[in-house]
Every structure is written in C-alpha cells, then in structure tokens.
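Colleague: If it helps, the file is called final-v5.cif and holds mmCIF, C-alpha atoms and all ligand atoms:
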data_target
loop_
_atom_site.label_atom_id
_atom_site.label_comp_id
_atom_site.auth_asym_id
_atom_site.auth_seq_id
_atom_site.Cartn_x
_atom_site.Cartn_y
_atom_site.Cartn_z
CA MET A 1 10.17 -19.53 26.38
CA SER A 2 7.76 -16.77 25.58
CA VAL A 3 8.37 -13.02 25.90
CA THR A 4 7.51 -11.25 29.18
CA ASN A 5 4.49 -9.06 29.73
CA LYS A 6 6.18 -5.84 30.85
CA TYR A 7 6.24 -4.29 27.36
CA ASN A 8 3.63 -3.28 24.81
CA ILE A 9 2.84 -6.36 22.79
CA ILE A 10 0.32 -5.47 20.09
CA LEU A 11 -1.65 -7.74 17.79
CA GLY A 12 -2.46 -6.01 14.49
CA ILE A 13 -5.30 -7.21 12.27
CA GLU A 14 -5.72 -6.16 8.63
CA SER A 15 -8.67 -7.17 6.42
CA SER A 16 -9.49 -4.10 4.30
CA CYS A 17 -9.31 -5.71 0.85
CA ASP A 18 -8.21 -9.19 -0.22
CA ASP A 19 -5.36 -9.97 2.20
CA THR A 20 -6.06 -11.35 5.66
CA SER A 21 -3.14 -10.50 7.89
CA ALA A 22 -2.12 -10.60 11.56
CA ALA A 23 1.12 -9.36 13.10
CA ILE A 24 2.73 -9.02 16.51
CA ILE A 25 4.83 -5.97 17.36
CA LYS A 26 6.68 -5.61 20.64
CA ASN A 27 7.80 -2.05 21.33
CA GLY A 28 8.20 -1.22 17.64
CA GLU A 29 9.99 -4.45 16.82
CA ILE A 30 8.34 -6.95 14.53
CA LEU A 31 7.93 -10.49 15.92
CA SER A 32 5.63 -11.88 13.21
CA ASN A 33 3.67 -10.79 10.14
CA VAL A 34 1.46 -13.48 8.62
CA ILE A 35 -0.46 -12.81 5.39
CA ALA A 36 -3.01 -15.03 3.63
CA ASP A 37 -3.75 -13.69 0.16
CA GLN A 38 -6.86 -14.71 -1.75
CA VAL A 39 -6.09 -16.36 -5.08
CA ILE A 40 -9.82 -16.82 -5.76
CA HIS A 41 -10.04 -13.31 -7.30
CA ALA A 42 -7.47 -13.97 -10.05
CA LYS A 43 -9.97 -15.70 -12.35
CA TYR A 44 -12.40 -12.74 -12.10
CA GLY A 45 -9.70 -10.18 -13.01
CA GLY A 46 -10.27 -8.15 -9.82
CA VAL A 47 -11.41 -8.38 -6.20
CA VAL A 48 -14.98 -9.69 -5.76
CA PRO A 49 -16.13 -8.09 -2.46
CA GLU A 50 -18.52 -10.87 -1.40
CA LEU A 51 -15.88 -13.57 -1.98
CA ALA A 52 -13.28 -11.47 -0.16
CA SER A 53 -15.32 -11.21 3.04
CA ARG A 54 -16.08 -14.95 3.01
CA ALA A 55 -12.38 -15.74 2.57
CA HIS A 56 -11.50 -13.37 5.45
CA GLN A 57 -13.89 -15.32 7.69
CA GLN A 58 -12.15 -18.56 6.79
CA ASN A 59 -8.64 -17.13 7.14
CA ILE A 60 -8.78 -14.88 10.16
CA LEU A 61 -8.58 -17.41 12.97
CA PRO A 62 -5.70 -19.48 11.49
CA VAL A 63 -3.82 -16.30 10.52
CA VAL A 64 -4.07 -14.79 14.03
CA ASP A 65 -3.13 -18.14 15.57
CA ALA A 66 -0.09 -18.43 13.25
CA ALA A 67 1.03 -14.85 14.07
CA LEU A 68 0.92 -15.57 17.83
CA LYS A 69 2.76 -18.88 17.45
CA LYS A 70 5.43 -17.42 15.17
CA ALA A 71 6.02 -14.59 17.66
CA ASN A 72 6.05 -17.07 20.55
CA VAL A 73 3.51 -14.90 22.35
CA ALA A 74 0.53 -16.18 24.34
CA LYS A 75 -2.85 -14.42 23.98
CA SER A 76 -2.67 -13.47 27.66
CA GLU A 77 0.54 -11.50 27.00
CA LEU A 78 -1.06 -9.12 24.49
CA THR A 79 -1.43 -5.55 25.75
CA ALA A 80 -3.69 -4.25 22.96
CA ILE A 81 -5.34 -5.16 19.65
CA ALA A 82 -5.14 -2.78 16.68
CA TYR A 83 -7.38 -3.31 13.66
CA THR A 84 -8.08 -1.61 10.32
CA LYS A 85 -11.22 0.50 10.65
CA GLY A 86 -11.03 1.76 7.05
CA PRO A 87 -10.87 2.75 4.27
CA GLY A 88 -11.65 -0.44 2.35
CA LEU A 89 -14.39 -2.88 1.39
CA LEU A 90 -17.08 -2.79 4.05
CA GLY A 91 -17.73 -6.55 4.15
CA SER A 92 -14.00 -7.24 4.45
CA LEU A 93 -13.49 -4.58 7.14
CA LEU A 94 -16.41 -6.01 9.14
CA VAL A 95 -14.67 -9.36 9.53
CA GLY A 96 -11.47 -7.86 11.01
CA THR A 97 -13.39 -5.33 13.12
CA SER A 98 -15.73 -7.92 14.65
CA PHE A 99 -12.87 -10.31 15.33
CA ALA A 100 -10.72 -7.61 16.96
CA LYS A 101 -13.61 -6.37 19.10
CA SER A 102 -14.49 -9.86 20.38
CA MET A 103 -10.88 -10.76 21.11
CA ALA A 104 -10.19 -7.46 22.92
CA MET A 105 -13.35 -7.92 24.96
CA GLY A 106 -12.48 -11.54 25.79
CA LEU A 107 -8.96 -10.58 26.92
CA ASN A 108 -10.11 -7.31 28.51
CA ILE A 109 -7.41 -5.26 26.76
CA PRO A 110 -7.59 -1.98 24.78
CA LEU A 111 -8.89 -1.95 21.22
CA ILE A 112 -7.32 0.57 18.78
CA ASP A 113 -8.79 1.55 15.43
CA VAL A 114 -6.33 2.29 12.64
CA ASN A 115 -6.62 4.14 9.34
CA HIS A 116 -5.20 1.82 6.66
CA MET A 117 -3.53 4.68 4.72
CA GLN A 118 -1.84 5.99 7.86
CA GLY A 119 -0.66 2.41 8.43
CA HIS A 120 0.97 2.25 4.97
CA ILE A 121 2.99 5.37 5.85
CA LEU A 122 3.94 4.28 9.37
CA ALA A 123 5.26 0.97 7.97
CA HIS A 124 8.49 3.00 7.66
CA PHE A 125 8.81 2.84 11.46
CA ILE A 126 8.70 -0.97 11.79
CA GLN A 127 12.03 -2.21 13.08
CA LYS A 128 13.63 -5.63 12.74
CA LYS A 129 15.89 -6.68 15.60
CA GLU A 130 18.53 -8.10 13.30
CA LYS A 131 18.42 -5.15 10.85
CA PRO A 132 17.65 -1.73 12.42
CA LYS A 133 17.08 0.98 9.82
CA PRO A 134 16.87 4.77 9.72
CA THR A 135 13.39 6.31 9.84
CA PRO A 136 12.21 9.52 8.16
CA ASN A 137 12.41 12.80 10.10
CA PHE A 138 9.30 14.96 10.49
CA PRO A 139 7.98 16.68 8.54
CA PHE A 140 8.36 14.41 5.52
CA ILE A 141 6.36 13.82 2.37
CA CYS A 142 5.02 10.38 1.51
CA LEU A 143 3.68 9.31 -1.87
CA THR A 144 1.20 6.55 -1.01
CA VAL A 145 0.29 4.52 -4.07
CA SER A 146 -1.97 1.48 -3.82
CA GLY A 147 -4.80 -0.32 -5.58
CA GLY A 148 -7.41 2.04 -4.15
CA HIS A 149 -5.52 5.27 -3.43
CA THR A 150 -2.90 7.67 -4.76
CA GLN A 151 -2.05 10.33 -2.22
CA ILE A 152 0.66 12.86 -1.47
CA VAL A 153 0.75 13.28 2.30
CA LEU A 154 2.60 15.79 4.47
CA VAL A 155 3.52 13.77 7.56
CA LYS A 156 4.00 16.15 10.50
CA ASP A 157 4.10 13.53 13.20
CA HIS A 158 3.23 9.83 13.61
CA LEU A 159 -0.39 10.77 14.15
CA SER A 160 -0.65 14.10 12.35
CA MET A 161 -0.93 13.82 8.58
CA GLU A 162 -2.26 16.23 5.96
CA LEU A 163 -3.49 15.12 2.57
CA ILE A 164 -1.96 17.62 0.11
CA GLY A 165 -2.75 15.85 -3.17
CA GLU A 166 -4.68 12.82 -4.40
CA THR A 167 -6.20 11.19 -7.44
CA ILE A 168 -9.52 12.61 -8.51
CA ASP A 169 -10.58 9.24 -9.99
CA ASP A 170 -8.68 5.92 -10.34
CA ALA A 171 -5.60 4.97 -8.32
CA ALA A 172 -2.12 4.27 -9.74
CA GLY A 173 -2.48 0.57 -8.82
CA GLU A 174 -5.73 0.43 -10.78
CA ALA A 175 -3.96 2.00 -13.78
CA PHE A 176 -1.46 -0.88 -13.64
CA ASP A 177 -4.10 -3.59 -13.04
CA LYS A 178 -6.53 -2.40 -15.72
CA ALA A 179 -3.81 -2.02 -18.35
CA ALA A 180 -2.57 -5.51 -17.45
CA LYS A 181 -6.08 -6.86 -17.98
CA LEU A 182 -6.19 -5.29 -21.47
CA LEU A 183 -2.88 -7.03 -22.18
CA GLY A 184 -4.40 -10.38 -21.15
CA LEU A 185 -2.41 -10.61 -17.90
CA SER A 186 -3.93 -11.95 -14.68
CA TYR A 187 -4.88 -10.02 -11.51
CA PRO A 188 -3.15 -8.26 -9.83
CA GLY A 189 -1.37 -7.05 -12.94
CA GLY A 190 0.99 -4.51 -11.33
CA PRO A 191 3.71 -7.02 -10.38
CA LEU A 192 3.44 -8.71 -13.83
CA VAL A 193 3.81 -5.41 -15.72
CA ASP A 194 6.84 -4.70 -13.52
CA LYS A 195 8.38 -8.08 -14.33
CA LEU A 196 7.75 -7.88 -18.09
CA SER A 197 9.11 -4.31 -18.17
CA LYS A 198 12.55 -5.55 -17.14
CA GLU A 199 13.14 -6.88 -20.67
CA GLY A 200 11.47 -3.93 -22.41
CA ASP A 201 12.38 -0.59 -23.96
CA ALA A 202 10.74 2.14 -21.84
CA ALA A 203 11.27 4.79 -24.56
CA ARG A 204 9.54 2.83 -27.35
CA PHE A 205 5.96 4.14 -26.90
CA THR A 206 4.83 7.48 -25.52
CA PHE A 207 1.64 8.62 -23.78
CA THR A 208 0.39 12.04 -22.71
CA PHE A 209 -0.11 13.37 -19.19
CA PRO A 210 -3.60 14.12 -17.92
CA LYS A 211 -4.12 17.79 -17.06
CA VAL A 212 -5.19 18.03 -13.44
CA GLY A 213 -4.45 21.00 -11.20
CA GLU A 214 -2.24 21.44 -8.16
CA LEU A 215 -0.89 18.27 -6.57
CA ASN A 216 -3.75 16.04 -7.73
CA TYR A 217 -3.65 13.15 -10.17
CA SER A 218 -6.04 11.54 -12.64
CA PHE A 219 -5.55 8.02 -13.99
CA SER A 220 -8.86 7.26 -15.68
CA GLY A 221 -7.93 9.16 -18.87
CA LEU A 222 -4.64 7.32 -19.06
CA LYS A 223 -6.46 4.00 -18.96
CA THR A 224 -8.65 5.08 -21.92
CA GLN A 225 -5.61 6.41 -23.76
CA PHE A 226 -3.94 3.01 -23.32
CA LEU A 227 -7.05 1.19 -24.58
CA TYR A 228 -7.22 3.37 -27.75
CA PHE A 229 -3.47 2.92 -28.31
CA LEU A 230 -3.85 -0.89 -28.23
CA GLN A 231 -6.96 -0.81 -30.46
CA LYS A 232 -5.18 1.36 -33.05
CA GLU A 233 -2.05 -0.80 -33.13
CA GLU A 234 -4.02 -4.06 -33.22
CA LYS A 235 -5.91 -2.84 -36.29
CA LEU A 236 -2.55 -2.66 -38.08
CA ASN A 237 -1.13 -5.86 -36.60
CA ASP A 238 -3.30 -8.39 -34.76
CA LYS A 239 -0.21 -9.81 -33.01
CA PHE A 240 0.86 -6.36 -31.76
CA ILE A 241 0.51 -7.17 -28.04
CA GLN A 242 2.16 -10.55 -28.30
CA GLN A 243 5.12 -9.21 -30.31
CA ASN A 244 5.69 -6.07 -28.22
CA LEU A 245 4.57 -7.00 -24.71
CA ASN A 246 7.81 -6.11 -22.92
CA ASP A 247 8.15 -2.73 -24.63
CA ILE A 248 4.46 -1.89 -24.04
CA CYS A 249 4.77 -2.70 -20.32
CA ALA A 250 8.06 -0.82 -19.90
CA SER A 251 6.79 2.31 -21.70
CA TYR A 252 3.48 2.39 -19.82
CA GLN A 253 5.15 1.77 -16.44
CA GLN A 254 7.72 4.50 -17.11
CA HIS A 255 4.92 6.89 -18.02
CA ILE A 256 3.04 6.25 -14.74
CA VAL A 257 6.23 6.72 -12.72
CA ASN A 258 7.14 9.93 -14.59
CA TYR A 259 3.65 11.26 -13.91
CA LEU A 260 3.84 10.38 -10.21
CA PHE A 261 7.16 12.20 -9.92
CA ILE A 262 6.03 15.42 -11.63
CA LYS A 263 3.61 16.08 -8.74
CA LEU A 264 5.84 14.60 -6.04
CA LYS A 265 8.70 16.98 -6.98
CA LYS A 266 6.29 19.92 -6.94
CA ALA A 267 5.06 18.94 -3.47
CA VAL A 268 8.56 18.54 -2.04
CA ALA A 269 9.63 21.94 -3.41
CA HIS A 270 6.47 23.67 -2.21
CA TYR A 271 6.66 22.32 1.35
CA ASN A 272 10.45 22.55 1.40
CA VAL A 273 11.02 19.14 3.04
CA LYS A 274 14.16 17.03 2.78
CA ASP A 275 12.82 13.57 3.65
CA VAL A 276 10.71 11.80 1.05
CA ALA A 277 9.10 8.36 1.30
CA ILE A 278 6.95 6.06 -0.79
CA ALA A 279 4.40 3.56 0.55
CA GLY A 280 1.56 1.24 -0.52
CA GLY A 281 1.42 -1.71 -2.93
CA VAL A 282 2.75 0.19 -5.97
CA SER A 283 5.85 1.20 -3.95
CA ALA A 284 6.99 -2.39 -4.63
CA ASN A 285 7.44 -1.32 -8.28
CA SER A 286 11.09 -1.52 -9.30
CA CYS A 287 10.95 1.52 -11.61
CA LEU A 288 9.31 3.66 -8.90
CA ARG A 289 11.90 2.56 -6.31
CA LYS A 290 14.84 3.27 -8.65
CA THR A 291 13.40 6.63 -9.68
CA LEU A 292 13.01 7.69 -6.05
CA GLU A 293 16.62 6.80 -5.36
CA LYS A 294 17.87 8.63 -8.46
CA THR A 295 15.69 11.70 -7.92
CA GLY A 296 16.79 11.78 -4.28
CA GLN A 297 20.44 11.94 -5.36
CA GLU A 298 19.73 14.66 -7.93
CA GLU A 299 17.56 16.80 -5.64
CA GLY A 300 19.37 16.21 -2.34
CA TRP A 301 16.45 14.37 -0.70
CA ASN A 302 16.80 11.72 1.98
CA THR A 303 14.72 8.88 0.54
CA PHE A 304 12.86 6.07 2.29
CA ILE A 305 11.71 2.95 0.48
CA PRO A 306 9.74 0.30 2.40
CA GLU A 307 10.82 -3.33 2.48
CA PHE A 308 8.83 -5.43 0.01
CA GLU A 309 6.82 -7.24 2.69
CA TYR A 310 5.54 -3.89 4.05
CA CYS A 311 4.55 -2.38 0.67
CA THR A 312 1.42 -4.40 -0.05
CA ASP A 313 -1.26 -4.87 2.60
CA ASN A 314 0.02 -6.30 5.88
CA ALA A 315 -0.89 -6.20 9.57
CA ALA A 316 2.56 -5.14 10.77
CA MET A 317 1.76 -1.60 9.61
CA ILE A 318 -1.52 -1.74 11.56
CA ALA A 319 0.22 -2.97 14.71
CA ILE A 320 2.92 -0.25 14.58
CA THR A 321 0.26 2.44 14.09
CA GLY A 322 -1.64 0.90 17.02
CA GLN A 323 1.46 1.24 19.13
CA PHE A 324 1.85 4.97 18.38
CA LYS A 325 -1.85 5.50 19.12
CA LEU A 326 -1.68 3.52 22.36
CA GLU A 327 1.33 5.56 23.52
CA LYS A 328 -0.74 8.75 22.97
CA GLY A 329 -3.79 7.26 24.71
CA HIS A 330 -5.94 6.93 21.55
CA LYS A 331 -8.27 3.99 22.05
CA SER A 332 -11.44 2.76 20.47
CA ASP A 333 -14.41 1.15 22.22
CA GLN A 334 -16.84 -1.68 21.63
CA SER A 335 -19.21 0.61 19.71
CA ALA A 336 -16.60 0.93 16.92
CA THR A 337 -17.80 0.28 13.37
CA PRO A 338 -15.79 0.03 10.15
CA SER A 339 -15.69 2.97 7.73
CA ALA A 340 -15.35 2.29 3.98
CA ARG A 341 -14.34 5.89 3.16
CA MET A 342 -12.32 6.85 6.19
CA LYS A 343 -10.20 10.02 5.99
CA PHE A 344 -7.10 10.89 8.05
O1 LIG A 401 -1.54 -1.54 -0.89
P1 LIG A 401 -2.11 -2.67 -1.65
O2 LIG A 401 -1.62 -4.07 -1.33
O3 LIG A 401 -3.67 -2.73 -1.53
C1 LIG A 401 -4.47 -1.61 -1.44
O4 LIG A 401 -4.53 -1.00 -0.34
O5 LIG A 401 -5.04 -1.28 -2.51
O6 LIG A 401 -1.85 -2.36 -3.21
C2 LIG A 401 -2.23 -3.25 -4.21
C3 LIG A 401 -1.83 -2.66 -5.55
C4 LIG A 401 -2.36 -3.45 -6.74
O7 LIG A 401 -2.95 -2.55 -7.65
C5 LIG A 401 -1.11 -4.07 -7.34
O8 LIG A 401 -1.17 -4.30 -8.73
C6 LIG A 401 -0.07 -3.03 -7.01
O9 LIG A 401 -0.40 -2.63 -5.68
N1 LIG A 401 1.30 -3.56 -7.06
C7 LIG A 401 2.21 -3.18 -7.99
C8 LIG A 401 3.39 -3.92 -7.74
N2 LIG A 401 3.16 -4.74 -6.65
C9 LIG A 401 1.86 -4.49 -6.25
N3 LIG A 401 2.12 -2.28 -9.00
C10 LIG A 401 3.20 -2.11 -9.78
N4 LIG A 401 4.36 -2.81 -9.60
C11 LIG A 401 4.49 -3.70 -8.61
N5 LIG A 401 5.64 -4.37 -8.45
ZN ZN A 402 -3.29 -0.94 1.16
#
Just give me the structure as structure tokens.
Modeller:
Amino acid sequence: MSVTNKYNIILGIESSCDDTSAAIIKNGEILSNVIADQVIHAKYGGVVPELASRAHQQNILPVVDAALKKANVAKSELTAIAYTKGPGLLGSLLVGTSFAKSMAMGLNIPLIDVNHMQGHILAHFIQKKEKPKPTPNFPFICLTVSGGHTQIVLVKDHLSMELIGETIDDAAGEAFDKAAKLLGLSYPGGPLVDKLSKEGDAARFTFTFPKVGELNYSFSGLKTQFLYFLQKEEKLNDKFIQQNLNDICASYQQHIVNYLFIKLKKAVAHYNVKDVAIAGGVSANSCLRKTLEKTGQEEGWNTFIPEFEYCTDNAAMIAITGQFKLEKGHKSDQSATPSARMKF
C-alpha cells in the first residue's frame, strides 16, 4: 500500500559536492533518505570536481528510484521537487538541478530551489514518526560547520536567516581534512581525527588562536601553524607523528572546538538568544557535540544537536526546506540555474 496524495509529499535532491542524495518527506516526516557517497575521491586526498559530477550522473537515477521505493511512494504521488541550487561545485549542482527540472516538468509539479546552508540548519526540523523530537525556538543561533563553510547564523524564522559571522578563508572542515592529510590520513580526514582523538590527550600540545575581528573566523593560519609544528617536531624525531598520533589529533581537535566556541559564545551573548544549534558535517564531531552540551548546561542555553545522518550532506534537509518554501508559496521555474556562491 502506498501513501495517499492528500498531503505534501516532497522529493529532495542534493548534489552540491560529493554525495548524491534523494529523500522523501511527507508533511515534515521523513520517509526515506538515500545517500550514495563517492569513494573515488579518497585516493586524491580531496574532492575532484570533474569526477564528482560524473559520479552524480551515474548515481542520481538509482538514488532517486531507491528513495521512492523505500518511502513506498509512486512518482505520481509527489507534490513538489526540491533541489540544491547552491552553494557548491557548479558541475555537481548542474546534475541535480537538471534532473530536478526535468522530473518536475515531466510530472507537472512545482520545482523549489533550496540553499544548501539553509538546508543544513533546517535539518533540525526533520521529524521521525517513531521518535519525535523538540525543535529550536526562533530566534536561535546556529553554528554551521562543514567542508566548505563556517558560519554563525541568526535564525529568525524557517526562511529568514542572517549571517552574523563566517570564516574569512578556509572552513573548519577543511582545517580537519588538511591536517589529516599532513598526518597521512585519508580523505575525508575529519571523522578519522575524531576517532583517533578518543585515545589521545587533548592537553598535550597547544596552538594559538588566529586574530580575526567580530564574529568571524580564520582557519588558514591554523593549518600553516600545524604544518610548522609537525615539521619542527619531525626534525627532532622522525617517528613523531607515528608515536604521538592520538595526542596530536586530540589536541588539534580540541583547539578547533575551543576556537569555534569563543565566537559562538560571543554571538549568543550579543544577540541574547537562549536556543543554540550546530549543523553541517563537522557537527558530527564528538568533541564539538559534547562541548555544546556542556556549554549549554553552564550558560543556560537550550542546545540542539542534529542526528548523525543529518549532519553531513543529505537530501532530507533539502526536502524539509522545500516543504517550508512550498508552504510560503516560494517556487522556482524552469529557467532556474545553479549558483556556486549562493548567499542566504
Ligand atoms: O556538510 P558536509 O557533508 O559537506 C559540505 O557541505 O562541505 O561536511 C563535510 C565535512 C568534511 O570536511 C568532513 O571532514 C567533516 O565534515 N566531518 C567531520 C566529522 N564528520 C565529518 N569533521 C570532524 N569530525 C567529524 N566526526
Ligand atoms: Zn554541506
């Protein structure tokens, strides 16, 4: 038996970087969220844009088909298609955009363009039938940390968001991935640094904080600082990395998290909000999650941590954003084009 057609049943499509994903959301409730990641990039130590768009082309049809089947929804039952318009890699975005446009045209249903970063934040509103959870109250502050972005966002409403701080160069995820590469770990390095940190002493090595004004961040200097630190230690002991890997990872990870929280605390105090959330791939980091919980208890914040499957790129977050936009009558048309540097 498939679900009836009297509700909003939205297909979300995400293809901004190296994950091809499709999801079905029915009135805010997740029915399926299928993700095909691209292992091909691991041997290059980072995402190769041309290979990513080719892999999206291979993956998109089976991924959409699997999402529909898993949700037990027929194409004819869909009420709208939401897709990631940007920001992201242009070649990757083009695959999802073209697919979404053709499918919406074929089914004669609305097409909704979604900002990927807004999607990461609205992932907090995805509900599971078997496990309903509280959602943040507006206005709240969200620290969105991913492979391409580090942003502090004042969220006034589902569709009204103000960027109040951001990195002026590299993203927090890049700081993890590039340090991991220097340590000889594979891509993406963030989850590996997290895992190795669990057995390490986070107080063993110290780093300094970049000096950037207001609520902004900078991670490129930290990356260089880490490189010089390794070079100096390896001159004294050529097995330094091998012998101290856990402590190096734990100390570096702790430093990134401490840095993220210096600005986050400032933002929360300045805007006087009570609800604080994290989002994006780096919000899967165990130290960041624990620190948010602990800081929340100390500062009296209500804290919101996304489920692991909605931290890294996924189409469920695109579908839920599509639903909020559809409810407010925001639609896109067939002239839509992807935007690599899309703002809120
Ligand atoms: O949001 P996302 O999937 O893609 C972008 O929109 O960029 O984020 C990917 C980033 C990568 O840099 C990856 O290393 C990082 O999230 N990441 C982590 C963890 N899991 C993913 N970083 C630190 N600890 C983790 N557990
Ligand atoms: Zn992302």
Colleague: Around (-4.8, -7.5, 22.1), as given in the file, which residues come within 6 Å? Count only C-alpha atoms and list them as a list of chain:residue names.
Modeller: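 Within 6 Å of (-4.8, -7.5, 22.1), the protein and nucleic acid residues are A:Ile10, A:Leu11, A:Leu78, A:Thr79, A:Ala80, A:Ile81, A:Ala104, A:Ile109.
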Colleague: If you count all atoms listed in the file, which residues fall within 10 Å of region 302-309 of chain A, apart from same-chain ones fewer than 3 positions away, as a count of residues only?
Modeller: 42
Colleague: Collect all residues with atoms no farther than 10 Å from ligand ZN 402 (chain A), counting all atoms listed in the file, and output them as a ChimeraX atom specification.
Modeller: /A:14-19,87-88,116-120,144-149,279-282,310-314,317
Colleague: Given only C-alpha atoms as the basis, pick out the residue of A:Thr20, A:Thr150, A:Ser160, A:Ser218 nearest to Asn115 (chain A).
Modeller: A:Ser160
Colleague: Out of A:Val114, A:Val73, A:Ile40, A:Ile30, which residue has the shortest atom-to-atom distance to Gly86 (chain A) when counting only C-alpha atoms?
Modeller: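 Nearest candidate to Gly86 (chain A) out of A:Val114, A:Val73, A:Ile40, A:Ile30: A:Val114.
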Colleague: Could you tell me how far CA of Lys195 (chain A) sits from atom O9 of ligand LIG 401 (chain A), in Å to one decimal place?
Modeller: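 Those two atoms sit 13.5 Å apart.
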Colleague: Just want the 8 Å neighbourhood of Asp169 (chain A), counted on all atoms listed in the file, with same-chain residues fewer than 3 positions away dropped. Output as a PyMOL selection string.
Modeller: chain A and resi 217-220
Colleague: Have a look at A:Thr337, A:Ala42, A:Glu29, A:Leu93 and name the one nearest to Ile60 (chain A); count only C-alpha atoms.
Modeller: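 Of all the options, A:Leu93 lies closest to Ile60 (chain A).
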Colleague: Closest to Ala202 (chain A) among A:Asp247, A:Glu234, A:Glu298, A:Asp37, using all atoms listed in the file?
Modeller: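 Looking only at the distances to Ala202 (chain A), the closest residue turns out to be A:Asp247.
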Colleague: Quick one, how far is CA of Arg341 (chain A) from CA of Lys85 (chain A)?
Modeller: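 Interatomic distance here is 9.7 Å.
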Colleague: So, with all atoms listed in the file as the atoms that count, which of A:Gln151, A:Ser251, A:Thr291, A:Gln242 lies closest to Phe344 (chain A)?
Modeller: A:Gln151
Colleague: Taking all atoms listed in the file into account, which of A:Leu185, A:Ala67, A:Ala175, A:Ile248 comes nearest ligand LIG 401 (chain A)?
Modeller: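 Closest residue, counting all atoms listed in the file: A:Ala175.
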Colleague: Where's the centre, and what are the edge lengths in Å to one decimal, of a box along x, y and z enclosing all listed atoms of region 115-118 of chain A padded 5 Å per side, as JSON?
Modeller:
{"center_x": -4.2, "center_y": 3.9, "center_z": 7.0, "size_x": 14.8, "size_y": 14.2, "size_z": 14.6}
Colleague: Since fewer atoms than expected are present, regenerate N, CA and C atoms for region 102-120 of chain A and write them as an mmCIF file, keeping the file's coordinate frame.
Modeller:
data_model
loop_
_atom_site.group_PDB
_atom_site.id
_atom_site.type_symbol
_atom_site.label_atom_id
_atom_site.label_comp_id
_atom_site.auth_asym_id
_atom_site.auth_seq_id
_atom_site.Cartn_x
_atom_site.Cartn_y
_atom_site.Cartn_z
ATOM 1 N N SER A 102 -14.203 -8.709 19.505
ATOM 2 C CA SER A 102 -14.490 -9.860 20.380
ATOM 3 C C SER A 102 -13.239 -10.272 21.146
ATOM 4 N N MET A 103 -12.106 -10.294 20.456
ATOM 5 C CA MET A 103 -10.880 -10.760 21.110
ATOM 6 C C MET A 103 -10.452 -9.773 22.207
ATOM 7 N N ALA A 104 -10.560 -8.468 21.919
ATOM 8 C CA ALA A 104 -10.190 -7.460 22.920
ATOM 9 C C ALA A 104 -11.122 -7.552 24.125
ATOM 10 N N MET A 105 -12.389 -7.811 23.857
ATOM 11 C CA MET A 105 -13.350 -7.920 24.960
ATOM 12 C C MET A 105 -13.042 -9.173 25.795
ATOM 13 N N GLY A 106 -12.784 -10.292 25.097
ATOM 14 C CA GLY A 106 -12.480 -11.540 25.790
ATOM 15 C C GLY A 106 -11.230 -11.427 26.657
ATOM 16 N N LEU A 107 -10.237 -10.698 26.185
ATOM 17 C CA LEU A 107 -8.960 -10.580 26.920
ATOM 18 C C LEU A 107 -8.951 -9.358 27.839
ATOM 19 N N ASN A 108 -9.991 -8.535 27.717
ATOM 20 C CA ASN A 108 -10.110 -7.310 28.510
ATOM 21 C C ASN A 108 -8.886 -6.390 28.342
ATOM 22 N N ILE A 109 -8.543 -6.145 27.073
ATOM 23 C CA ILE A 109 -7.410 -5.260 26.760
ATOM 24 C C ILE A 109 -7.892 -4.178 25.783
ATOM 25 N N PRO A 110 -7.138 -3.065 25.658
ATOM 26 C CA PRO A 110 -7.590 -1.980 24.780
ATOM 27 C C PRO A 110 -7.692 -2.396 23.306
ATOM 28 N N LEU A 111 -8.641 -1.749 22.646
ATOM 29 C CA LEU A 111 -8.890 -1.950 21.220
ATOM 30 C C LEU A 111 -8.503 -0.624 20.547
ATOM 31 N N ILE A 112 -7.762 -0.673 19.440
ATOM 32 C CA ILE A 112 -7.320 0.570 18.780
ATOM 33 C C ILE A 112 -7.690 0.518 17.310
ATOM 34 N N ASP A 113 -8.418 1.520 16.850
ATOM 35 C CA ASP A 113 -8.790 1.550 15.430
ATOM 36 C C ASP A 113 -7.712 2.277 14.630
ATOM 37 N N VAL A 114 -7.426 1.739 13.446
ATOM 38 C CA VAL A 114 -6.330 2.290 12.640
ATOM 39 C C VAL A 114 -6.830 2.622 11.233
ATOM 40 N N ASN A 115 -6.366 3.764 10.724
ATOM 41 C CA ASN A 115 -6.620 4.140 9.340
ATOM 42 C C ASN A 115 -5.571 3.408 8.471
ATOM 43 N N HIS A 116 -6.063 2.638 7.517
ATOM 44 C CA HIS A 116 -5.200 1.820 6.660
ATOM 45 C C HIS A 116 -4.117 2.657 5.944
ATOM 46 N N MET A 117 -4.482 3.861 5.467
ATOM 47 C CA MET A 117 -3.530 4.680 4.720
ATOM 48 C C MET A 117 -2.439 5.240 5.631
ATOM 49 N N GLN A 118 -2.830 5.554 6.865
ATOM 50 C CA GLN A 118 -1.840 5.990 7.860
ATOM 51 C C GLN A 118 -0.890 4.815 8.151
ATOM 52 N N GLY A 119 -1.461 3.614 8.201
ATOM 53 C CA GLY A 119 -0.660 2.410 8.430
ATOM 54 C C GLY A 119 0.395 2.223 7.345
ATOM 55 N N HIS A 120 -0.006 2.397 6.069
ATOM 56 C CA HIS A 120 0.970 2.250 4.970
ATOM 57 C C HIS A 120 2.174 3.167 5.224
#
